[in-house]
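Participant: One structure, as structure tokens, below. Some questions next.
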Amino acid sequence: MPAAPPRPARDPRLDALRGLMQLQIFVSHVAGSWFGAWAIHSAWGLSDSSEQFVLLSGLGLGSLFAYRASRDGMPAARADLLSRTVRLWRIHLIVFFLFAALVVWSDRAMKLPGEIARLGWVWMAESPIAASLAAPTMLYQPRFMDILPVFVWCMLALPVFMALVARSPSAALGLSGLVYAAGFWGGLQLPGLGGEPIGLNPFTWQVLFAIGAVCGRRALLEGRVLPRGAWVTGLAALVVLAGLWIRLGWRGWLPDALLLPVPMNDGVFGKQDLALPRILHALALAVLASRLTAREGVLARPVFVPLRAAGRHSLEVFCVGLFLSWAGGVALRLGQGAFWLDATTIAAGIAALLGFAVWKERGVAAALSALRVRS
């Protein structure tokens, strides 16, 4: 590693964009919501917020790992990453068991028949000991329990990947591409337990994390990621417009003569194995976001403080959002999908998540202030 670079300043754009994506994830998880089907960016393109979070997590952790390795050495960088990985794994288990209790209770005590089966918790309801013992493996993935394991597995592989990147970034990305090909075309997949498949194939989703890690390391050590030139922005815009074109065709809003000859099926655009169009669309959105926003621009203004707080505490906001989205979906089912109830539910959930993020931010600030006083 080269000499330790200066610690990069936090980019308010990344925090704000993470916060925005958390709100979109909440909206998309509210079953039956009109807003989830029409009012988030995944409704008008080929990728959603999950791809952006995996990419940005790779970006942040790749930069952090390179910084710690250059400053404190590889053993310290690996130890720091392992502690973060274990913390995320523990949080996944806490959310897993709390959500299991909520679903089983709602089905049996709240008289919401079919809730256990609808969300994939049949094994937990019928064989709670076996399902509980399987939970730490992260191979039992009822609904909503599929994204955090992807991060855990990617973080476990990151030290080896970063060691390869230090020797040859091209070779490291090439290896990541081979693993992706084995997952997407070769059928490489982890076995799902309890009758539930693995929601997101880690062998394919790792490629976005790997791209982000290489970009994060390069940004730290070289100060930039993308080559200069308007052609990069133009190419990204074309990809995003192509995604919009395809989506409009799926909705039946284009004449037959203007439709692209692209079938709508999981093999071409599927999320489980992260089809190539989703990768390209996610990367294009990231390029446009970085090129069309300034570090100290609109997203750095005081009005976006709650949004940036949601981004800085995105893990906690995500976990709280899962429970709020479930409650919102239940409310819509009981209210027979009334639009006024839909709008009220979404607005209340967004307000609650932003309020939680601000509260969390103030708690962290107070703890840091007290620590400085003691020292």
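In the structure tokens, each chain is lettered A, B, ... as it comes, each chain's residues begin at 1, and ligands are numbered from 1 in order of appearance.
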If you count only C-alpha atoms, which residues fall within 8 Å of Phe26 in chain A, apart from same-chain ones fewer than 2 positions away, as a ChimeraX atom specification?

Facilitator: /A:22-24,28-30,318,321-322,324-325,349-350

Participant: For the residues selected in the previous step, produce a file with C-alpha atoms as a PDB file, in the first residue's frame.

Facilitator:
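Below you can see result-v5.pdb, which holds the result:
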ATOM      1  CA  GLN A  22     -34.102   4.096   2.309  1.00  0.00           C
ATOM      2  CA  LEU A  23     -37.390   5.929   1.941  1.00  0.00           C
ATOM      3  CA  GLN A  24     -37.929   4.298  -1.442  1.00  0.00           C
ATOM      4  CA  SER A  28     -41.648  -0.438  -2.125  1.00  0.00           C
ATOM      5  CA  HIS A  29     -42.113  -2.825   0.813  1.00  0.00           C
ATOM      6  CA  VAL A  30     -45.608  -1.554   1.660  1.00  0.00           C
ATOM      7  CA  PHE A 318     -33.793   0.036   7.070  1.00  0.00           C
ATOM      8  CA  GLY A 321     -38.638   0.521   7.934  1.00  0.00           C
ATOM      9  CA  LEU A 322     -39.232  -3.225   7.548  1.00  0.00           C
ATOM     10  CA  LEU A 324     -43.329  -0.021   9.426  1.00  0.00           C
ATOM     11  CA  SER A 325     -43.792  -1.291   5.870  1.00  0.00           C
ATOM     12  CA  GLY A 349     -44.041   6.094   7.593  1.00  0.00           C
ATOM     13  CA  ILE A 350     -41.659   8.542   5.900  1.00  0.00           C
TER      14      ILE A 350
END

Participant: Can you measure CA of Trp359 in chain A to CA of Phe304 in chain A for me? One decimal in Å is fine.

Facilitator: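 CA of Phe304 in chain A lies 14.8 Å from CA of Trp359 in chain A.
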
Participant: What's around range 82-91 of chain A at 8 Å? Count only C-alpha atoms, leave out sequence neighbours fewer than 2 positions away in its own chain, and write the answer as a list in words.

Facilitator: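 Here the answer would be Arg78, Ala79, Asp80, Leu93, Ile94, Val95, Leu148, Pro149, Val152, Met155 and Leu156 of chain A.
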
Participant: Store the residues picked out above, limited to C-alpha atoms, as an mmCIF file, in the first residue's frame.

Facilitator:
data_model
loop_
_atom_site.group_PDB
_atom_site.id
_atom_site.type_symbol
_atom_site.label_atom_id
_atom_site.label_comp_id
_atom_site.auth_asym_id
_atom_site.auth_seq_id
_atom_site.Cartn_x
_atom_site.Cartn_y
_atom_site.Cartn_z
ATOM 1 C CA ARG A 78 -9.088 -6.954 8.501
ATOM 2 C CA ALA A 79 -9.909 -6.834 12.206
ATOM 3 C CA ASP A 80 -11.924 -3.645 11.785
ATOM 4 C CA LEU A 93 -30.429 -12.140 13.500
ATOM 5 C CA ILE A 94 -32.188 -9.662 15.793
ATOM 6 C CA VAL A 95 -34.380 -8.446 12.937
ATOM 7 C CA LEU A 148 -28.548 -8.164 4.735
ATOM 8 C CA PRO A 149 -26.968 -11.605 4.150
ATOM 9 C CA VAL A 152 -22.415 -10.024 5.227
ATOM 10 C CA MET A 155 -17.875 -8.169 3.601
ATOM 11 C CA LEU A 156 -16.415 -11.561 4.523
#

Participant: Find the nearest atom pair between each residue of range 211-265 of chain A and range 43-46 of chain A for residues within 10 Å, count only C-alpha atoms, give distances in Å to one decimal, sort rows by chain and ascending number, and present the table as a Markdown table.

Facilitator:
| residue | atom | partner | partner_atom | distance |
| --- | --- | --- | --- | --- |
| A:Val239 | CA | A:Gly45 | CA | 9.6 |
| A:Val240 | CA | A:Gly45 | CA | 7.0 |
| A:Leu241 | CA | A:Gly45 | CA | 8.3 |
| A:Ala242 | CA | A:Gly45 | CA | 8.3 |
| A:Gly243 | CA | A:Gly45 | CA | 4.7 |
| A:Leu244 | CA | A:Gly45 | CA | 5.1 |
| A:Trp245 | CA | A:Gly45 | CA | 8.3 |
| A:Ile246 | CA | A:Gly45 | CA | 7.7 |
| A:Arg247 | CA | A:Trp44 | CA | 5.8 |
| A:Leu248 | CA | A:Trp44 | CA | 7.5 |
| A:Arg251 | CA | A:Trp44 | CA | 9.9 |

Participant: Would you mind listing what lies within 12 Å of Arg10 in chain A as a VMD selection string, with only C-alpha atoms counted and same-chain residues fewer than 5 positions away left out?

Facilitator: chain A and resid 15 to 16 60 63 to 64 220 295 to 296 300 308 311 to 312

Participant: Taking C-alpha atoms for each residue, export the selection above as a compact mmCIF listing (two decimals), in the first residue's frame.

Facilitator:
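Output file part03.txt is given in full below:
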# COMPACT_ATOMS: atom_id res chain seq x y z
CA ASP A 15 -25.72 10.52 2.81
CA ALA A 16 -28.69 12.24 1.17
CA GLY A 60 -17.59 3.02 1.29
CA SER A 63 -12.35 3.13 0.65
CA LEU A 64 -12.37 2.51 4.41
CA LEU A 220 -9.23 7.44 -1.94
CA ARG A 295 -20.52 17.99 -3.20
CA GLU A 296 -21.69 21.17 -1.48
CA ALA A 300 -25.90 19.81 1.45
CA ARG A 308 -28.78 12.96 5.35
CA GLY A 311 -28.42 8.03 5.09
CA ARG A 312 -25.85 8.10 7.88
